[in-house]
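Only one structure is covered here, and it is reproduced in the block below.
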Protein chains: 2
Amino acid sequence: MRNMAEERLMALDYTKPGLEGLYAPVRYGLGSGGKRLRPLLVLMGCEAFGVDAAAALDAACGVEIFHNFTLLHDDVMDASPMRRGRPSVYAKWDLNTAILSGDTMLTLATQLVSAVPDKVLRPVLDVFNRMAIEVYEGQRLDMDFEERPDVGSEEYIRMIELKTGALLGGSARIGALIGCATEKQARAVDEYGRALGVAFQIQDDYLDCFGDELTFGKPIGGDIVQGKKTFLLLEGLASGGPDSEALRDAMKLQPKEVRIQTVKRLYEKMDMEQRCRKAILHWTGRALRALKQTGLDEADLAPFHKLADKLTGRRK
Amino acid sequence: MRNMAEERLMALDYTKPGLEGLYAPVRYGLGSGGKRLRPLLVLMGCEAFGVDAAAALDAACGVEIFHNFTLLHDDVMDASPMRRGRPSVYAKWDLNTAILSGDTMLTLATQLVSAVPDKVLRPVLDVFNRMAIEVYEGQRLDMDFEERPDVGSEEYIRMIELKTGALLGGSARIGALIGCATEKQARAVDEYGRALGVAFQIQDDYLDCFGDELTFGKPIGGDIVQGKKTFLLLEGLASGGPDSEALRDAMKLQPKEVRIQTVKRLYEKMDMEQRCRKAILHWTGRALRALKQTGLDEADLAPFHKLADKLTGRRK
């Protein structure tokens, strides 16, 4: 199903005479790969309820284009020169291009998500728009957190639920609606995707610190170097006592290699692997329990279980 | 009707605990006034076909929020500190806020435009999304033109048709669809709004140079100072001969007061008032001819005639 989405995405022919300046960055952004997790959830959501995934293919591309629109704008907001190992649109072209081609992608996404049968158009559109708003809210909180010294890990979870979870949940829900699921069933797969998104993000925070560079695909310790508020840091700072104090100080150490090593040692002392594992299990458990509410049998749910295993079972 | 739209816009309660950073700029952007021309066209479009304008009120607010979203992002792209006599969102907050709250406004706009009866949801949404794409395309061409020495006035017209005309046309068309117009009638009011938008922009270019500062609301000669490609400049450069050469040189003069005076004198010599008037008449005529295709009687069309007079009959 991932291949179906990939092929359709690559077949979308965004180009117009004299408007390469608008559409080339759209194609470039979409061509940078990624896991295509969101379209996969749309297709899985549809097929689980007995409707051929092909019916959800345009909507699947729509949510992926939405996701890539947020990446274009996020890279501007973070002044980020790289994305998935290539120059970001912001760096390859410029600020204005990343903004305007990003805007274009949001509307193209809305067009594709609207390419569903009339009877589900309104509910699908409602889910899509509400989910988009949640993503913006999550991004706003994320930016605000960078300025605040007192962020708690519950607030952090709420933020990633909006910024990452809402889109995974909304994707699965849109698929379910196209698959003619009931409202209750659609809400259940939404809850699954949303909780899975939180588990996935905590895992990502963990791997950024303790992962294997080759498997993880990014330099290890990047979050520590950037002083990013992650689940590990917020948990560590909130636990109190001398280790918390030491962690606060360690985050200021120079050079960065010393900082990374000292922070990692403190995380180990605080048993952060165990804490992360516990949180990931909590959110994965929530995701899987939500699935039960669909009333589908185990065979139909197998792809959802497999995906959860794959996403949160990523090895170091 | 303008008041109806204004009141509803001001009654939209965009706020959420902990998310003032996202929603305060939305409210600020919407509160900066403006002519509310686009919602007016939605309401007029609806009422002309015999349906109470109240049915189109949410959609009217939607197109106005869309318009204001483009202003937030345009101000970032132009690094513009002021908008309608107040600091722009970009200047009052920052770059990231203008981008993210702008994105939010685009989705809020889509939500409001979708608040129409089921039977017109798809056509309304199609018009809205297509019109949005045209606005981005127009903005891209506008940015590209700034870098190009060889822009012709026909290309310029095509650009403003996209950047300004599409939104006015689309607004009228959305209103007509909500008013249960036929496809042909809806296309006719679209054509009216689109042509009117072009006439209005040419008039705006003219007034920027020859208007009265008090009536126009902006310092006169701003386009000349910024070296902006306007209808006047492109027509002047394209006409050939010694005056064209002189105009090209005059645009480089310092200080700016001398540049403004010299360019204006050349425009007068080239009879630019007459040329602008001719172009405005051409596009207004096209707008009014399109109206005939609606098959409505003169009484129903009176508001459209009145608006055309008002917009293109603005005095110096």
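Numbering starts fresh at 1 for the residues of each chain in the structure tokens, the chains themselves are lettered A, B, ... in the order given, and ligands are numbered from 1 as they appear.
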Using only C-alpha atoms, which protein or nucleic acid residues come within 12 Å of B:Lys306? Drop anything in the same chain fewer than 6 positions from it, and give the result as a PyMOL selection string. chain B and resi 44+196+284+288+298-300+312-313
Filtered DSSP result for stretch 66-309 of chain A, state strand (DSSP E or B), as a PDB file with C-alpha atoms, in the first residue's frame:
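Generated output (part-v3.pdb):
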ATOM      1  CA  MET A  82      18.504  20.497   5.623  1.00  0.00           C
ATOM      2  CA  ARG A  83      15.576  18.094   5.366  1.00  0.00           C
ATOM      3  CA  ARG A  86      18.931  17.309   1.173  1.00  0.00           C
ATOM      4  CA  PRO A  87      18.770  21.104   1.246  1.00  0.00           C
TER       5      PRO A  87
END
Residue list for chain A near chain B as an MDAnalysis selection string, 9 Å, only C-alpha atoms: chainID A and resid 18:19 21:22 73:74 76:78 95:97 99:101 103:104 106:108 110:111 114 118 121:122 125:126 129:130 132:133 136:137 139:141 143:144
In terms of the shortest atom-to-atom distance over only C-alpha atoms, which of A:Glu191, A:Asp94, A:Asp13, A:Glu147 is closest to A:Gly285?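 Among the listed residues, A:Glu191 lies closest to A:Gly285.
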For B:Tyr156, please output as an MDAnalysis selection string all residues within 9 Å (counting only C-alpha atoms; exclusion window: fewer than 2 positions along the same chain). chainID B and resid 141:142 145 151:154 158:161 229:231 234
Atom CA of A:Val124 sits from atom CA of A:Ile174 at a separation of 5.5 Å
Would you kindly return, as a PyMOL selection string, each protein, DNA or RNA residue with an atom no farther than 10 Å from any atom of A:Ala188, considering only C-alpha atoms and excluding same-chain residues fewer than 5 positions away? chain A and resi 169+172-173+176+182-183+193-194+287-295
With C-alpha atoms kept, could you save the residues just selected as a short mmCIF file (atom, residue, chain, number, x, y, z; two decimals), in the first residue's frame?
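Final output, saved to out-v2.cif:
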data_model
loop_
_atom_site.label_atom_id
_atom_site.label_comp_id
_atom_site.auth_asym_id
_atom_site.auth_seq_id
_atom_site.Cartn_x
_atom_site.Cartn_y
_atom_site.Cartn_z
CA GLY A 169 -5.03 9.93 13.88
CA ALA A 172 -6.53 6.85 9.78
CA ARG A 173 -9.93 8.41 10.46
CA ALA A 176 -12.04 4.82 7.80
CA THR A 182 -19.36 4.28 11.48
CA GLU A 183 -18.55 7.48 13.38
CA GLY A 193 -3.21 6.89 15.28
CA ARG A 194 -3.09 9.72 17.77
CA ALA A 287 -3.50 2.81 20.73
CA LEU A 288 -4.19 -0.91 20.67
CA ARG A 289 -7.05 -0.68 23.16
CA ALA A 290 -8.68 1.97 20.99
CA LEU A 291 -8.61 -0.47 18.08
CA LYS A 292 -10.87 -2.84 20.00
CA GLN A 293 -13.60 -0.19 19.82
CA THR A 294 -13.79 -0.73 16.06
CA GLY A 295 -15.37 -4.13 16.65
#
When you look at stretch 37-42 of chain B with a cut-off of 6 Å (counting only C-alpha atoms), what residues show up, excluding the ones that are within fewer than 4 positions of it in the same chain? I need them as an NGL selection string. :B and (2 or 60 or 64 or 168 or 171-172 or 175)
Just the residues within 12 Å of A:Arg8, please, counting only C-alpha atoms, with nothing from its chain fewer than 5 positions along; format it as a ChimeraX atom specification. /A:1-3,13,30-31,36,39,54,56-62,64-65,112
Please return, as a short mmCIF file (atom, residue, chain, number, x, y, z; two decimals) with N, CA and C atoms, in the first residue's frame, all residues of stretch 36-198 of chain B that DSSP assigns to alpha helix (DSSP H) on the basis of the backbone.
data_model
loop_
_atom_site.label_atom_id
_atom_site.label_comp_id
_atom_site.auth_asym_id
_atom_site.auth_seq_id
_atom_site.Cartn_x
_atom_site.Cartn_y
_atom_site.Cartn_z
N LEU B 37 -14.61 43.97 0.57
CA LEU B 37 -15.16 43.88 -0.78
C LEU B 37 -15.52 42.44 -1.13
N ARG B 38 -14.67 41.51 -0.69
CA ARG B 38 -14.88 40.10 -1.06
C ARG B 38 -16.13 39.52 -0.40
N PRO B 39 -16.30 39.70 0.92
CA PRO B 39 -17.56 39.21 1.50
C PRO B 39 -18.79 39.89 0.90
N LEU B 40 -18.64 41.17 0.58
CA LEU B 40 -19.76 41.87 -0.04
C LEU B 40 -20.16 41.19 -1.35
N LEU B 41 -19.16 40.80 -2.13
CA LEU B 41 -19.45 40.13 -3.40
C LEU B 41 -20.12 38.78 -3.18
N VAL B 42 -19.71 38.05 -2.13
CA VAL B 42 -20.37 36.78 -1.82
C VAL B 42 -21.85 37.03 -1.52
N LEU B 43 -22.11 38.01 -0.66
CA LEU B 43 -23.49 38.28 -0.25
C LEU B 43 -24.33 38.79 -1.42
N MET B 44 -23.74 39.67 -2.24
CA MET B 44 -24.45 40.17 -3.42
C MET B 44 -24.76 39.04 -4.38
N GLY B 45 -23.75 38.16 -4.56
CA GLY B 45 -23.92 37.03 -5.49
C GLY B 45 -25.08 36.16 -5.06
N CYS B 46 -25.20 35.95 -3.76
CA CYS B 46 -26.26 35.09 -3.24
C CYS B 46 -27.63 35.75 -3.42
N GLU B 47 -27.71 37.01 -2.99
CA GLU B 47 -29.00 37.69 -2.98
C GLU B 47 -29.54 37.95 -4.38
N ALA B 48 -28.63 38.15 -5.33
CA ALA B 48 -29.07 38.42 -6.70
C ALA B 48 -29.95 37.30 -7.24
N LEU B 57 -23.44 33.99 4.76
CA LEU B 57 -22.65 34.82 5.67
C LEU B 57 -21.35 34.14 6.10
N ASP B 58 -21.42 32.86 6.43
CA ASP B 58 -20.19 32.16 6.83
C ASP B 58 -19.19 32.11 5.68
N ALA B 59 -19.68 31.77 4.51
CA ALA B 59 -18.79 31.72 3.34
C ALA B 59 -18.19 33.09 3.07
N ALA B 60 -19.00 34.15 3.28
CA ALA B 60 -18.50 35.52 3.09
C ALA B 60 -17.34 35.79 4.04
N CYS B 61 -17.51 35.38 5.29
CA CYS B 61 -16.42 35.55 6.26
C CYS B 61 -15.21 34.72 5.84
N GLY B 62 -15.48 33.54 5.30
CA GLY B 62 -14.39 32.66 4.87
C GLY B 62 -13.49 33.31 3.82
N VAL B 63 -14.11 33.93 2.80
CA VAL B 63 -13.26 34.54 1.75
C VAL B 63 -12.51 35.75 2.30
N GLU B 64 -13.11 36.45 3.26
CA GLU B 64 -12.40 37.59 3.85
C GLU B 64 -11.20 37.10 4.68
N ILE B 65 -11.40 36.00 5.40
CA ILE B 65 -10.28 35.44 6.18
C ILE B 65 -9.20 34.93 5.24
N PHE B 66 -9.63 34.33 4.12
CA PHE B 66 -8.64 33.91 3.11
C PHE B 66 -7.84 35.13 2.65
N HIS B 67 -8.54 36.21 2.31
CA HIS B 67 -7.86 37.42 1.85
C HIS B 67 -6.85 37.91 2.89
N ASN B 68 -7.28 37.90 4.14
CA ASN B 68 -6.38 38.39 5.20
C ASN B 68 -5.21 37.44 5.45
N PHE B 69 -5.43 36.15 5.23
CA PHE B 69 -4.31 35.20 5.27
C PHE B 69 -3.25 35.59 4.24
N THR B 70 -3.70 35.90 3.02
CA THR B 70 -2.71 36.27 1.99
C THR B 70 -1.98 37.56 2.38
N LEU B 71 -2.67 38.47 3.07
CA LEU B 71 -2.00 39.71 3.48
C LEU B 71 -0.91 39.41 4.52
N LEU B 72 -1.20 38.52 5.47
CA LEU B 72 -0.19 38.15 6.47
C LEU B 72 1.07 37.61 5.80
N HIS B 73 0.85 36.70 4.84
CA HIS B 73 2.02 36.10 4.18
C HIS B 73 2.68 37.08 3.20
N ASP B 74 1.87 37.89 2.50
CA ASP B 74 2.45 38.89 1.59
C ASP B 74 3.36 39.85 2.36
N ASP B 75 2.92 40.24 3.56
CA ASP B 75 3.73 41.18 4.33
C ASP B 75 5.07 40.56 4.74
N VAL B 76 5.06 39.24 4.97
CA VAL B 76 6.34 38.56 5.23
C VAL B 76 7.20 38.61 3.97
N MET B 77 6.58 38.25 2.84
CA MET B 77 7.34 38.14 1.59
C MET B 77 7.89 39.51 1.16
N VAL B 89 1.26 42.11 11.08
CA VAL B 89 1.46 41.00 12.03
C VAL B 89 2.94 40.64 12.08
N TYR B 90 3.55 40.63 10.92
CA TYR B 90 4.97 40.32 10.79
C TYR B 90 5.82 41.26 11.65
N ALA B 91 5.46 42.55 11.67
CA ALA B 91 6.25 43.53 12.43
C ALA B 91 5.86 43.54 13.90
N LYS B 92 4.57 43.40 14.17
CA LYS B 92 4.09 43.49 15.56
C LYS B 92 4.49 42.25 16.36
N LEU B 95 8.24 36.92 12.25
CA LEU B 95 8.13 36.13 11.03
C LEU B 95 7.36 34.84 11.25
N ASN B 96 7.77 34.07 12.28
CA ASN B 96 7.16 32.76 12.48
C ASN B 96 5.67 32.87 12.81
N THR B 97 5.33 33.88 13.59
CA THR B 97 3.93 34.08 13.94
C THR B 97 3.10 34.42 12.70
N ALA B 98 3.63 35.27 11.84
CA ALA B 98 2.89 35.63 10.63
C ALA B 98 2.69 34.41 9.74
N ILE B 99 3.69 33.54 9.66
CA ILE B 99 3.54 32.33 8.84
C ILE B 99 2.49 31.41 9.44
N LEU B 100 2.64 31.09 10.73
CA LEU B 100 1.81 30.07 11.35
C LEU B 100 0.37 30.54 11.56
N SER B 101 0.18 31.78 11.99
CA SER B 101 -1.19 32.28 12.14
C SER B 101 -1.83 32.47 10.77
N GLY B 102 -1.02 32.77 9.77
CA GLY B 102 -1.52 32.81 8.39
C GLY B 102 -2.01 31.45 7.94
N ASP B 103 -1.21 30.42 8.16
CA ASP B 103 -1.64 29.06 7.82
C ASP B 103 -2.97 28.73 8.49
N THR B 104 -3.04 29.10 9.76
CA THR B 104 -4.26 28.84 10.54
C THR B 104 -5.46 29.52 9.88
N MET B 105 -5.25 30.75 9.42
CA MET B 105 -6.35 31.48 8.78
C MET B 105 -6.80 30.80 7.50
N LEU B 106 -5.87 30.21 6.76
CA LEU B 106 -6.28 29.51 5.54
C LEU B 106 -7.20 28.34 5.87
N THR B 107 -6.86 27.59 6.91
CA THR B 107 -7.73 26.48 7.28
C THR B 107 -9.05 26.98 7.89
N LEU B 108 -9.01 28.03 8.70
CA LEU B 108 -10.25 28.59 9.24
C LEU B 108 -11.15 29.07 8.09
N ALA B 109 -10.52 29.66 7.07
CA ALA B 109 -11.28 30.12 5.91
C ALA B 109 -11.96 28.94 5.21
N THR B 110 -11.22 27.86 5.03
CA THR B 110 -11.79 26.68 4.38
C THR B 110 -12.96 26.13 5.19
N GLN B 111 -12.82 26.15 6.52
CA GLN B 111 -13.92 25.67 7.37
C GLN B 111 -15.17 26.53 7.16
N LEU B 112 -15.00 27.84 7.15
CA LEU B 112 -16.17 28.72 7.01
C LEU B 112 -16.80 28.61 5.62
N VAL B 113 -15.95 28.51 4.61
CA VAL B 113 -16.48 28.40 3.25
C VAL B 113 -17.24 27.07 3.08
N ASP B 118 -25.30 21.09 1.92
CA ASP B 118 -24.64 19.94 1.32
C ASP B 118 -24.64 19.97 -0.20
N LYS B 119 -25.77 20.38 -0.77
CA LYS B 119 -25.89 20.25 -2.22
C LYS B 119 -24.95 21.20 -2.98
N VAL B 120 -24.46 22.25 -2.32
CA VAL B 120 -23.51 23.13 -3.01
C VAL B 120 -22.10 23.02 -2.43
N LEU B 121 -21.91 22.12 -1.46
CA LEU B 121 -20.59 22.04 -0.81
C LEU B 121 -19.47 21.79 -1.82
N ARG B 122 -19.66 20.78 -2.67
CA ARG B 122 -18.56 20.46 -3.59
C ARG B 122 -18.29 21.58 -4.60
N PRO B 123 -19.32 22.09 -5.28
CA PRO B 123 -18.99 23.19 -6.21
C PRO B 123 -18.38 24.41 -5.52
N VAL B 124 -18.88 24.76 -4.34
CA VAL B 124 -18.33 25.92 -3.62
C VAL B 124 -16.86 25.68 -3.27
N LEU B 125 -16.60 24.50 -2.78
CA LEU B 125 -15.24 24.16 -2.37
C LEU B 125 -14.30 24.15 -3.58
N ASP B 126 -14.79 23.61 -4.69
CA ASP B 126 -13.98 23.59 -5.91
C ASP B 126 -13.61 25.00 -6.35
N VAL B 127 -14.59 25.90 -6.33
CA VAL B 127 -14.32 27.28 -6.72
C VAL B 127 -13.32 27.90 -5.75
N PHE B 128 -13.53 27.68 -4.46
CA PHE B 128 -12.66 28.27 -3.46
C PHE B 128 -11.20 27.81 -3.63
N ASN B 129 -11.01 26.50 -3.79
CA ASN B 129 -9.64 25.98 -3.90
C ASN B 129 -8.97 26.43 -5.20
N ARG B 130 -9.74 26.43 -6.29
CA ARG B 130 -9.17 26.83 -7.58
C ARG B 130 -8.77 28.30 -7.54
N MET B 131 -9.62 29.09 -6.94
CA MET B 131 -9.35 30.52 -6.81
C MET B 131 -8.11 30.76 -5.94
N ALA B 132 -7.97 29.96 -4.87
CA ALA B 132 -6.79 30.09 -4.00
C ALA B 132 -5.52 29.82 -4.79
N ILE B 133 -5.56 28.76 -5.60
CA ILE B 133 -4.38 28.42 -6.42
C ILE B 133 -4.05 29.58 -7.37
N GLU B 134 -5.09 30.17 -7.95
CA GLU B 134 -4.84 31.30 -8.86
C GLU B 134 -4.19 32.47 -8.13
N VAL B 135 -4.63 32.71 -6.90
CA VAL B 135 -4.03 33.80 -6.13
C VAL B 135 -2.53 33.54 -5.88
N TYR B 136 -2.19 32.29 -5.54
CA TYR B 136 -0.77 31.96 -5.33
C TYR B 136 0.00 32.13 -6.64
N GLU B 137 -0.61 31.68 -7.73
CA GLU B 137 0.07 31.80 -9.03
C GLU B 137 0.31 33.28 -9.37
N GLY B 138 -0.69 34.11 -9.09
CA GLY B 138 -0.54 35.54 -9.33
C GLY B 138 0.58 36.13 -8.48
N GLN B 139 0.62 35.73 -7.22
CA GLN B 139 1.66 36.24 -6.32
C GLN B 139 3.05 35.80 -6.80
N ARG B 140 3.14 34.55 -7.28
CA ARG B 140 4.43 34.06 -7.78
C ARG B 140 4.87 34.88 -9.00
N LEU B 141 3.93 35.11 -9.93
CA LEU B 141 4.27 35.91 -11.11
C LEU B 141 4.71 37.31 -10.69
N ASP B 142 3.99 37.89 -9.74
CA ASP B 142 4.32 39.23 -9.25
C ASP B 142 5.76 39.25 -8.73
N MET B 143 6.13 38.24 -7.95
CA MET B 143 7.50 38.19 -7.42
C MET B 143 8.51 38.00 -8.55
N ASP B 144 8.15 37.13 -9.52
CA ASP B 144 9.07 36.89 -10.64
C ASP B 144 9.25 38.16 -11.47
N PHE B 145 8.17 38.91 -11.64
CA PHE B 145 8.24 40.13 -12.46
C PHE B 145 9.25 41.13 -11.88
N GLU B 146 9.35 41.15 -10.56
CA GLU B 146 10.28 42.11 -9.94
C GLU B 146 11.72 41.87 -10.41
N GLU B 147 12.01 40.61 -10.75
CA GLU B 147 13.38 40.25 -11.16
C GLU B 147 13.59 40.38 -12.67
N SER B 153 2.80 44.65 -20.68
CA SER B 153 1.59 45.01 -19.93
C SER B 153 0.51 43.93 -20.03
N GLU B 154 0.53 43.11 -21.11
CA GLU B 154 -0.45 42.01 -21.17
C GLU B 154 -0.16 40.98 -20.08
N GLU B 155 1.13 40.67 -19.91
CA GLU B 155 1.52 39.75 -18.85
C GLU B 155 1.11 40.31 -17.50
N TYR B 156 1.28 41.60 -17.36
CA TYR B 156 0.92 42.25 -16.10
C TYR B 156 -0.57 42.10 -15.83
N ILE B 157 -1.36 42.31 -16.86
CA ILE B 157 -2.82 42.16 -16.72
C ILE B 157 -3.16 40.74 -16.30
N ARG B 158 -2.50 39.77 -16.93
CA ARG B 158 -2.75 38.37 -16.60
C ARG B 158 -2.41 38.13 -15.11
N MET B 159 -1.31 38.74 -14.66
CA MET B 159 -0.90 38.58 -13.27
C MET B 159 -1.95 39.15 -12.31
N ILE B 160 -2.41 40.38 -12.58
CA ILE B 160 -3.39 40.96 -11.64
C ILE B 160 -4.75 40.27 -11.76
N ALA B 166 -9.11 36.92 -9.50
CA ALA B 166 -9.62 35.58 -9.22
C ALA B 166 -10.40 35.56 -7.91
N LEU B 167 -9.92 36.29 -6.92
CA LEU B 167 -10.56 36.26 -5.61
C LEU B 167 -11.89 37.02 -5.63
N LEU B 168 -11.93 38.15 -6.35
CA LEU B 168 -13.20 38.88 -6.46
C LEU B 168 -14.21 38.04 -7.26
N GLY B 169 -13.73 37.47 -8.36
CA GLY B 169 -14.63 36.64 -9.17
C GLY B 169 -15.11 35.42 -8.40
N GLY B 170 -14.17 34.74 -7.76
CA GLY B 170 -14.52 33.53 -7.01
C GLY B 170 -15.51 33.84 -5.90
N SER B 171 -15.35 34.99 -5.25
CA SER B 171 -16.26 35.37 -4.17
C SER B 171 -17.69 35.51 -4.69
N ALA B 172 -17.84 36.25 -5.79
CA ALA B 172 -19.17 36.43 -6.37
C ALA B 172 -19.76 35.08 -6.79
N ARG B 173 -18.90 34.23 -7.34
CA ARG B 173 -19.35 32.93 -7.83
C ARG B 173 -19.81 32.02 -6.68
N ILE B 174 -19.06 32.04 -5.58
CA ILE B 174 -19.45 31.25 -4.41
C ILE B 174 -20.81 31.72 -3.90
N GLY B 175 -20.98 33.04 -3.85
CA GLY B 175 -22.28 33.57 -3.43
C GLY B 175 -23.40 33.10 -4.35
N ALA B 176 -23.13 33.17 -5.65
CA ALA B 176 -24.15 32.76 -6.63
C ALA B 176 -24.51 31.29 -6.45
N LEU B 177 -23.51 30.45 -6.22
CA LEU B 177 -23.78 29.01 -6.03
C LEU B 177 -24.65 28.79 -4.79
N ILE B 178 -24.34 29.52 -3.72
CA ILE B 178 -25.16 29.40 -2.51
C ILE B 178 -26.58 29.90 -2.80
N GLU B 183 -24.84 26.90 -13.19
CA GLU B 183 -23.40 26.98 -13.44
C GLU B 183 -23.09 28.16 -14.35
N LYS B 184 -23.91 28.34 -15.37
CA LYS B 184 -23.67 29.42 -16.33
C LYS B 184 -23.77 30.80 -15.65
N GLN B 185 -24.79 30.93 -14.81
CA GLN B 185 -24.96 32.20 -14.09
C GLN B 185 -23.79 32.45 -13.14
N ALA B 186 -23.38 31.38 -12.45
CA ALA B 186 -22.28 31.51 -11.50
C ALA B 186 -21.00 31.92 -12.22
N ARG B 187 -20.78 31.34 -13.41
CA ARG B 187 -19.59 31.70 -14.20
C ARG B 187 -19.66 33.15 -14.63
N ALA B 188 -20.87 33.62 -14.91
CA ALA B 188 -21.03 35.01 -15.37
C ALA B 188 -20.65 36.00 -14.27
N VAL B 189 -21.08 35.76 -13.04
CA VAL B 189 -20.71 36.71 -11.98
C VAL B 189 -19.24 36.57 -11.62
N ASP B 190 -18.68 35.37 -11.84
CA ASP B 190 -17.24 35.19 -11.65
C ASP B 190 -16.49 36.10 -12.63
N GLU B 191 -16.91 36.04 -13.88
CA GLU B 191 -16.29 36.86 -14.92
C GLU B 191 -16.43 38.35 -14.58
N TYR B 192 -17.59 38.73 -14.06
CA TYR B 192 -17.80 40.12 -13.63
C TYR B 192 -16.77 40.52 -12.58
N GLY B 193 -16.65 39.71 -11.51
CA GLY B 193 -15.75 40.05 -10.42
C GLY B 193 -14.30 40.07 -10.87
N ARG B 194 -13.97 39.13 -11.74
CA ARG B 194 -12.61 39.02 -12.23
C ARG B 194 -12.21 40.25 -13.06
N ALA B 195 -13.08 40.64 -13.97
CA ALA B 195 -12.79 41.81 -14.81
C ALA B 195 -12.79 43.08 -13.96
N LEU B 196 -13.72 43.13 -13.02
CA LEU B 196 -13.78 44.30 -12.13
C LEU B 196 -12.48 44.41 -11.33
N GLY B 197 -11.96 43.27 -10.91
CA GLY B 197 -10.70 43.26 -10.16
C GLY B 197 -9.55 43.85 -10.97
N VAL B 198 -9.52 43.53 -12.26
CA VAL B 198 -8.47 44.07 -13.12
C VAL B 198 -8.64 45.58 -13.26
#
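Across the structure, atom CA of A:Cys209 and atom CA of A:Lys264 are spaced 7.1 Å apart.
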Could you give me, as number ranges by chain, the residues within 8 Å of A:Met270, counting only C-alpha atoms and dropping anything in the same chain fewer than 4 positions from it? A: 236, 243, 266
Would you compute the distance between atom CA of B:Ile202 and atom CA of B:Arg84? Give it in Å to one decimal. 19.7 Å
